[in-house]
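Comments concern the structure below.
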Amino acid sequence: MKKLLVAAAATVFATSTAFAQVAFETVDADASGGITLEEATAAGLSEEVFTAADADGNGELNAEEFATIAQ
């Protein structure tokens with residue numbers, strides 16, 4: 001039973017990680033590897049959400065910063 005739960009948890013994690021990557025690649029319209037405020041707002045995110053997720057304050061969201069939006 002424990003092995004089944006671990007396998008299920010690993011599957012959910014892998015699926016959510018893959019989903020986040022696909023979402024990131026979709027919002028990153030110019031495929032630069034970072035999401036600008038313009039790309040984020042075009043995808044329906046607010047400037048407040050973008051700013052809160054931009055942990056390093058460089059004006060772009062990397063994949064890790066983008067993933068925090070869904071949490």
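Lettering and numbering for the structure tokens are positional, with chains as A, B, ... in the shown order, residues counted from 1 in each chain, and ligands counted from 1 in the shown order.
Near Glu64 in chain A, within a cut-off of 12 Å and counting only C-alpha atoms, sit the residues Thr17, Ala20, Gln21, Phe24, Gly33, Gly34, Ile35, Ala53, Asp54, Ala55, Asp56, Glu60, Leu61, Asn62, Phe66, Ala67, Thr68, Ile69, Ala70 and Gln71 of chain A, with same-chain residues fewer than 2 positions away left out.
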Worksheet item: Hey, which of A:Ala42, A:Val49, A:Leu37, A:Ala63 ends up closest to Glu25 in chain A? Count only C-alpha atoms.
Response: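 Among the listed residues, the smallest separation from Glu25 in chain A belongs to A:Ala63.
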Discussion item. One decimal, in Å: what's the spacing between CA of Ala40 in chain A and CA of Asp28 in chain A?
Written reply: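 One can read the CA of Ala40 in chain A to CA of Asp28 in chain A distance as 8.1 Å.
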Discussion item. Residues within 10 Å of Glu39 in chain A, please, as a list in words. Count only C-alpha atoms; anything in the same chain fewer than 6 positions from it doesn't count.
Written reply: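 Answer for this query is Thr26, Val27, Asp28, Ala29, Asp30, Leu45 and Glu60 of chain A.
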